[in-house]
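S.K.: Handing you this structure, nothing more for now.
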2 protein chains.
Amino acid sequence: MKTRARLADVAAAAGVSTATVSRALSHPEVVGEETRARVMEAVQATGYRINAAARDLRQQRARSILVLAPNLANTFFSRIIAAIQEVAGAAGLTVQISDSRAEAARLATLGHDGRADGIILLDGSLDPEMVRGWPLPMVELCEWNPAYDLPGLAIDNEAAVALAVEHLADLGHRRILHVAGPQDNVLGTSRLTGFWQAVAARGVEGLEVAGDFTMRSGAQAARNWATMPDRPRAVFAASDECAFGFMSECAKMGIAVPGDVSVVGFDDVDFADRYIPALTTIHQPRARLGRRAAESLIAALTEGRPLPRKRELIEAHLVIRGSTSAAPR
Amino acid sequence: MKTRARLADVAAAAGVSTATVSRALSHPEVVGEETRARVMEAVQATGYRINAAARDLRQQRARSILVLAPNLANTFFSRIIAAIQEVAGAAGLTVQISDSRAEAARLATLGHDGRADGIILLDGSLDPEMVRGWPLPMVELCEWNPAYDLPGLAIDNEAAVALAVEHLADLGHRRILHVAGPQDNVLGTSRLTGFWQAVAARGVEGLEVAGDFTMRSGAQAARNWATMPDRPRAVFAASDECAFGFMSECAKMGIAVPGDVSVVGFDDVDFADRYIPALTTIHQPRARLGRRAAESLIAALTEGRPLPRKRELIEAHLVIRGSTSAAPR
DNA sequence: CTGAAAGCGCTTACAG
DNA sequence: CTGAAAGCGCTTACAG
């Protein structure tokens with residue numbers, strides 16, 4: 001296998017200039033029919049493949065978008081990223097993924113090297129000043145940070161939480177415990193805010209215990225809950241994982257869900273449907289979120305269509321399954 | 001914000017040639033101390049950032065690896081990919097992800113454009129002839145295909161399955177049902193093969209029902225199992241998801257795990273530990289697999305260290321939790 | 001230790 | 001419709 005054919009090799013084989021080969025490949029309509037045929041033949045014969053680095057250098061673009069998430073191992077992101085990749089791939093763009101904090105550190109020291117044309121940011125906890133300094137089109141997804149001053153896309157977390165609270169209240173629950181998310185995270189705070197608003201609006205009693213979205217924190221919350229003198233019979237966990245942790249710990253303590261306590265989660269991860277019992281939860285349309293974010297970023301990059309100026313909110317809905325039931329009377 | 005500074009701008013500011021700036025940045029030891037200081041100062045002053053496309057074009061490399069998986073949305077891959085990204089990022093390499101089938105189609109028509117230096121392949125079901133034709137260093141991870149003729153890394157699936165079977169037999173189970181994985185997938189076939197070997201070796205009775213790793217197929221298997229005249233009291237599912245499907249369906253039918261049936265999974269995904277009951281399963285060291293694969297590919301790319309010639313097998317271990325118990329006597 | 005020059009492989013005004 | 005030429009921004013033998 002000899003070295004890769006270049007444009008010049010194709011040009012030589014076809015008896016035309018490299019300019020013509022380039023045009024025949026990128027703007028076929030501008031090249032004479034016969035010439036084009038000769039070029040295509042030469043491309044075949046030489047096995048020519050474009051060199052992306054050369055094209056990118058010349059065109060001053062990378063044909064790539066970078067997805068930054070705080071924890072790539074978290075299953076919540078996988079479907080979102082898959083959707084982004086699907087859209088980007090169809091548009092001929094590459095997708096790079098990186099840990100947001102590690103990448104932020106890298107960008108701070110090395111600076112941006114032009115390997116991406118735009119960023120989809122799934123992390124609202126970075127230094128805003130740094131983020132504002134990044135010289136690339138960006139869109140925030142799921143998480144957000146007002147100080148970034150960026151266009152973004154997310155579900156309406158507060159409205160979604162209200163759905164959960166309403167559901168429990170509709171079942172007759174008058175006292176609802178929220179296992180909160182981490183309060184240094186927008187999703188944690190907005191769900192907590194939403195919880196207190198919804199509880200007040202509905203006129204039921206709210207209770208709150210700290211958590212951080214993890215199964216471990218859900219389990220811890222369950223142990224705390226079990227010691228409460230007058231246990232609330234309804235729990236709204238800030239994430240599905242947290243709800244799983246709570247429920248698994250209940251199972252260990254011999255407490256029945258939903259018999260003894262109703263549990264609602266948030267996210268609707270793949271396993272929610274097959275948990276025991278199946279988890280009532282807020283469905284986040286992750287594929288749709290990823291797709292839409294990718295589409296608007298790509299439109300901005302390739303068609304120069306301006307990014308929306310503000311954050312766009314998508315409606316989430318409640319999926320009622322087996323983990324909630326009517327309050328005991 | 002004016003246009004980005006180039007090497008030439010730095011050179012002008014420092015009063016040296018671009019060659020010297022380049023050396024000061026890439027091989028500082030080869031440049032005079034005072035010169036180097038002047039260059040660094042100029043870099044600061046101009047806010048210079050390297051242009052990756054130019055560097056890559058000149059050096060004929062991409063500083064990037066491509067991870068190809070059959071289903072990016074599958075949570076099984078997220079931790080593996082996170083580990084790959086971690087290692088690659090530390091080595092200054094970018095990681096691109098793509099759906100293996102879509103990317104294969106793209107490569108078939110467009111050919112490789114040099115945007116990656118190497119590939120980590122998590123899919124054993126591609127056309128071998130095509131894969132062999134890809135002009136890039138590759139390593140197979142988790143899945144494999146002998147026809148690819150590639151170096152690879154995976155756990156020893158057959159040995160791992162034996163662990164599961166042994167465990168159930170040790171608990172006194174004499175009849176074990178395997179909910180198989182898809183038989184067009186190496187993992188499905190090797191686990192099935194391993195099952196029959198282990199069952200024969202141990203002298204217990206084996207039974208087999210079809211599945212495809214999904215929760216849905218596990219649930220279906222549970223319904224079939226429930227109709228069996230003489231139900232085996234031990235089930236080994238080819239994946240955790242399949243086990244979850246089986247168990248959740250059992251719960252719906254009022255069948256107790258492990259009271260009525262012991263269940264073992266395979267993978268040890270994050271939720272296994274917090275399922276109800278917690279799932280006894282084979283632990284795949286996903287972070288380690290990702291890390292090792294990335295390390296050996298990167299060593300090959302950057303140090304020219306040759307890739308191992310054959311597939312390397314990593315030992316997996318059994319994690320005993322609450323979903324298995326002694327056979328009723 | 002440093003510089004002048006070539007060259008990586010493309011694309012794109014500019015002419016004709 | 002096509003070509004000659006410049007240039008994208010680097011790195012690296014080659015001289016000195």
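Letters A, B, ... go to the chains of the structure tokens in the order shown; residues in each chain start at 1; ligands are counted from 1 in the same order.
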Which residues are near DA13 (chain D)? Cut-off 12 Å, only C-alpha atoms (C1' of nucleotides), ignore same chain within fewer than 3 positions. Put them as a list in words.
M.R.: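 Here the qualifying residues turn out to be Ala19 of chain B; DA4, DA5, DA6 and DG7 of chain C.
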S.K.: Within 7 Å of chain C, which residues of chain B show up when using only C-alpha atoms (C1' of nucleotides), listed as number ranges by chain?
M.R.: B: 17, 20, 31-32, 57-58
S.K.: Between chain A and chain B, at 7 Å or less, what are the per-residue closest atom pairs and their distances in Å? Count only C-alpha atoms, order by chain and rising residue number, and return it as CSV.
M.R.:
```
residue,atom,partner,partner_atom,distance
A:Arg49,CA,B:Gly111,CA,6.0
A:Ile50,CA,B:Asp113,CA,5.5
A:Asn51,CA,B:Asp113,CA,5.1
A:Ala52,CA,B:Asp113,CA,5.3
A:Ala53,CA,B:Leu57,CA,5.2
A:Ala54,CA,B:Leu57,CA,5.8
A:Asp56,CA,B:Ala53,CA,6.4
A:Leu57,CA,B:Ala53,CA,5.2
A:Leu72,CA,B:Ala82,CA,5.2
A:Ala73,CA,B:Arg79,CA,4.3
A:Asn74,CA,B:Ser78,CA,6.8
A:Thr75,CA,B:Thr75,CA,5.2
A:Ser78,CA,B:Ala73,CA,4.8
A:Arg79,CA,B:Ala73,CA,4.3
A:Ala82,CA,B:Leu72,CA,5.2
A:Gln85,CA,B:Ser98,CA,6.5
A:Thr94,CA,B:Gln96,CA,6.8
A:Val95,CA,B:Gln96,CA,5.5
A:Gln96,CA,B:Gln96,CA,4.3
A:Ile97,CA,B:Val95,CA,6.2
A:Ser98,CA,B:Gln85,CA,6.5
A:Gly111,CA,B:Arg49,CA,5.9
A:His112,CA,B:Arg49,CA,6.6
A:Asp113,CA,B:Asn51,CA,5.1
A:Gly114,CA,B:Asn51,CA,6.0
A:Arg115,CA,B:Ala52,CA,6.2
A:Phe244,CA,B:Arg274,CA,6.7
A:Gly245,CA,B:Arg274,CA,6.3
A:Ser248,CA,B:Arg274,CA,5.7
A:Ala251,CA,B:Ile276,CA,7.0
A:Arg274,CA,B:Ser248,CA,5.7
A:Tyr275,CA,B:Ser248,CA,6.4
A:Ile276,CA,B:Ser248,CA,5.8
```
S.K.: For the atom pair CA of Phe266 (chain B) and CA of Pro70 (chain B), what is the interatomic distance in Å to one decimal place?
M.R.: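 Between these atoms lies a distance of 18.6 Å.
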S.K.: Step one, run DSSP on the backbone; step two, keep only residues of region 190-226 of chain A assigned to strand (DSSP E or B); then write them as a list in words.
M.R.: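 Written out, the strand (DSSP E or B) residues of region 190-226 of chain A are Glu205, Gly206, Leu207, Glu208 and Val209 of chain A.
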S.K.: Please identify which residues in region 65-111 of chain A DSSP calls helix (DSSP H, G or I) from the backbone, and express them as a list in words.
M.R.: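 These are the residues in question: Thr75, Phe76, Phe77, Ser78, Arg79, Ile80, Ile81, Ala82, Ala83, Ile84, Gln85, Glu86, Val87, Ala88, Gly89, Ala90, Ser100, Arg101, Ala102, Glu103, Ala104, Ala105, Arg106, Leu107, Ala108, Thr109 and Leu110 of chain A.
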S.K.: Can you spit out the residues from that selection as a compact mmCIF listing (two decimals), in the first residue's frame, using N, CA and C atoms?
M.R.:
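In the end it all went to result_4.txt:
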```
# COMPACT_ATOMS: atom_id res chain seq x y z
N THR A 75 -25.15 7.85 33.09
CA THR A 75 -26.02 7.32 32.04
C THR A 75 -27.02 8.36 31.55
N PHE A 76 -27.27 9.38 32.36
CA PHE A 76 -28.21 10.40 31.90
C PHE A 76 -27.77 11.01 30.58
N PHE A 77 -26.47 11.14 30.39
CA PHE A 77 -25.97 11.82 29.21
C PHE A 77 -25.92 10.96 27.95
N SER A 78 -25.90 9.66 28.13
CA SER A 78 -25.60 8.83 26.97
C SER A 78 -26.60 9.01 25.83
N ARG A 79 -27.86 9.06 26.17
CA ARG A 79 -28.84 9.19 25.10
C ARG A 79 -28.80 10.58 24.46
N ILE A 80 -28.53 11.57 25.26
CA ILE A 80 -28.39 12.92 24.73
C ILE A 80 -27.23 12.98 23.75
N ILE A 81 -26.13 12.43 24.17
CA ILE A 81 -24.93 12.48 23.33
C ILE A 81 -25.14 11.66 22.06
N ALA A 82 -25.83 10.54 22.20
CA ALA A 82 -26.11 9.73 21.01
C ALA A 82 -26.91 10.54 20.00
N ALA A 83 -27.88 11.29 20.50
CA ALA A 83 -28.72 12.10 19.60
C ALA A 83 -27.90 13.20 18.94
N ILE A 84 -27.04 13.81 19.71
CA ILE A 84 -26.18 14.86 19.15
C ILE A 84 -25.31 14.27 18.04
N GLN A 85 -24.74 13.13 18.33
CA GLN A 85 -23.87 12.49 17.35
C GLN A 85 -24.63 12.16 16.07
N GLU A 86 -25.83 11.72 16.24
CA GLU A 86 -26.63 11.34 15.08
C GLU A 86 -26.86 12.54 14.16
N VAL A 87 -27.27 13.64 14.76
CA VAL A 87 -27.53 14.84 13.97
C VAL A 87 -26.23 15.37 13.36
N ALA A 88 -25.20 15.42 14.16
CA ALA A 88 -23.94 15.96 13.67
C ALA A 88 -23.37 15.08 12.55
N GLY A 89 -23.43 13.79 12.76
CA GLY A 89 -22.91 12.86 11.76
C GLY A 89 -23.62 13.05 10.43
N ALA A 90 -24.92 13.20 10.48
CA ALA A 90 -25.69 13.39 9.26
C ALA A 90 -25.29 14.68 8.55
N SER A 100 -16.09 18.21 31.18
CA SER A 100 -16.12 19.68 31.16
C SER A 100 -15.06 20.31 32.04
N ARG A 101 -14.84 19.73 33.20
CA ARG A 101 -13.87 20.36 34.08
C ARG A 101 -12.45 20.19 33.57
N ALA A 102 -12.13 18.98 33.13
CA ALA A 102 -10.79 18.74 32.60
C ALA A 102 -10.55 19.61 31.37
N GLU A 103 -11.58 19.71 30.54
CA GLU A 103 -11.42 20.49 29.32
C GLU A 103 -11.30 21.97 29.63
N ALA A 104 -12.02 22.43 30.64
CA ALA A 104 -11.93 23.83 31.03
C ALA A 104 -10.50 24.14 31.48
N ALA A 105 -9.93 23.22 32.23
CA ALA A 105 -8.56 23.42 32.69
C ALA A 105 -7.61 23.48 31.50
N ARG A 106 -7.84 22.59 30.57
CA ARG A 106 -6.99 22.54 29.38
C ARG A 106 -7.11 23.84 28.58
N LEU A 107 -8.34 24.27 28.40
CA LEU A 107 -8.55 25.51 27.64
C LEU A 107 -7.92 26.70 28.34
N ALA A 108 -7.95 26.66 29.67
CA ALA A 108 -7.39 27.78 30.43
C ALA A 108 -5.88 27.88 30.20
N THR A 109 -5.21 26.75 30.15
CA THR A 109 -3.76 26.83 29.99
C THR A 109 -3.34 26.85 28.52
N LEU A 110 -3.93 25.97 27.72
CA LEU A 110 -3.49 25.87 26.34
C LEU A 110 -4.25 26.82 25.41
```
S.K.: May I have the residues within 9 Å of region 136-148 of chain B as an NGL selection string, using only C-alpha atoms (C1' of nucleotides) and disregarding those fewer than 4 positions away in the same chain?
M.R.: :B and (112 or 116-132 or 152-155 or 185-187 or 289-290 or 293-294 or 296-297 or 300-301 or 307 or 311)
S.K.: Between CA of Glu295 (chain A) and CA of Leu68 (chain A), what is the distance in Å, rounded to a tenth?
M.R.: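 Atom-to-atom, CA of Glu295 (chain A) and CA of Leu68 (chain A) are spaced 16.5 Å apart.
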S.K.: Skip Gly206 (chain B) itself and residues of its chain fewer than 2 positions away, then list as number ranges by chain all residues within 12 Å of it, counting only C-alpha atoms (C1' of nucleotides).
M.R.: B: 165, 168-169, 173-180, 192-204, 208-209, 232-236
S.K.: What does the structure give for the distance between CA of Val264 (chain B) and CA of Leu163 (chain B), in Å to one decimal?
M.R.: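 Distance reported for this atom pair: 10.4 Å.
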S.K.: For Ala11 (chain A), please output as a PyMOL selection string all residues within 9 Å (counting only C-alpha atoms (C1' of nucleotides); exclusion window: fewer than 3 positions along the same chain).
M.R.: chain A and resi 6-8+14-21+39+42-43
S.K.: Restricting the output to N, CA and C atoms, write the selected residues as a PDB file, in the first residue's frame.
M.R.:
```
ATOM      1  N   ARG A   6      -3.061  12.310  -3.376  1.00  0.00           N
ATOM      2  CA  ARG A   6      -3.468  13.689  -3.071  1.00  0.00           C
ATOM      3  C   ARG A   6      -4.216  14.258  -4.268  1.00  0.00           C
ATOM      4  N   LEU A   7      -4.702  15.428  -4.057  1.00  0.00           N
ATOM      5  CA  LEU A   7      -5.410  16.098  -5.121  1.00  0.00           C
ATOM      6  C   LEU A   7      -4.520  16.206  -6.361  1.00  0.00           C
ATOM      7  N   ALA A   8      -3.265  16.465  -6.123  1.00  0.00           N
ATOM      8  CA  ALA A   8      -2.328  16.626  -7.231  1.00  0.00           C
ATOM      9  C   ALA A   8      -2.209  15.345  -8.048  1.00  0.00           C
ATOM     10  N   ALA A  14      -5.928  12.917 -14.309  1.00  0.00           N
ATOM     11  CA  ALA A  14      -7.043  13.390 -15.134  1.00  0.00           C
ATOM     12  C   ALA A  14      -6.579  14.408 -16.183  1.00  0.00           C
ATOM     13  N   GLY A  15      -5.349  14.864 -16.041  1.00  0.00           N
ATOM     14  CA  GLY A  15      -4.854  15.851 -16.979  1.00  0.00           C
ATOM     15  C   GLY A  15      -5.503  17.220 -16.812  1.00  0.00           C
ATOM     16  N   VAL A  16      -5.803  17.558 -15.578  1.00  0.00           N
ATOM     17  CA  VAL A  16      -6.362  18.883 -15.301  1.00  0.00           C
ATOM     18  C   VAL A  16      -5.596  19.500 -14.130  1.00  0.00           C
ATOM     19  N   SER A  17      -6.007  20.686 -13.726  1.00  0.00           N
ATOM     20  CA  SER A  17      -5.339  21.316 -12.590  1.00  0.00           C
ATOM     21  C   SER A  17      -5.968  20.853 -11.274  1.00  0.00           C
ATOM     22  N   THR A  18      -5.238  21.082 -10.200  1.00  0.00           N
ATOM     23  CA  THR A  18      -5.804  20.720  -8.896  1.00  0.00           C
ATOM     24  C   THR A  18      -7.051  21.547  -8.607  1.00  0.00           C
ATOM     25  N   ALA A  19      -7.054  22.755  -9.092  1.00  0.00           N
ATOM     26  CA  ALA A  19      -8.233  23.604  -8.871  1.00  0.00           C
ATOM     27  C   ALA A  19      -9.471  22.934  -9.451  1.00  0.00           C
ATOM     28  N   THR A  20      -9.315  22.399 -10.617  1.00  0.00           N
ATOM     29  CA  THR A  20     -10.453  21.757 -11.260  1.00  0.00           C
ATOM     30  C   THR A  20     -10.904  20.517 -10.497  1.00  0.00           C
ATOM     31  N   VAL A  21      -9.950  19.760 -10.030  1.00  0.00           N
ATOM     32  CA  VAL A  21     -10.324  18.581  -9.247  1.00  0.00           C
ATOM     33  C   VAL A  21     -11.094  19.012  -8.002  1.00  0.00           C
ATOM     34  N   VAL A  39     -12.370  13.568 -14.121  1.00  0.00           N
ATOM     35  CA  VAL A  39     -11.898  13.708 -12.742  1.00  0.00           C
ATOM     36  C   VAL A  39     -12.395  12.554 -11.882  1.00  0.00           C
ATOM     37  N   ALA A  42     -10.509   9.529 -12.427  1.00  0.00           N
ATOM     38  CA  ALA A  42      -9.178   9.605 -11.821  1.00  0.00           C
ATOM     39  C   ALA A  42      -9.247   9.426 -10.306  1.00  0.00           C
ATOM     40  N   VAL A  43     -10.322   9.946  -9.726  1.00  0.00           N
ATOM     41  CA  VAL A  43     -10.511   9.772  -8.283  1.00  0.00           C
ATOM     42  C   VAL A  43     -10.607   8.281  -7.972  1.00  0.00           C
TER      43      VAL A  43
END
```
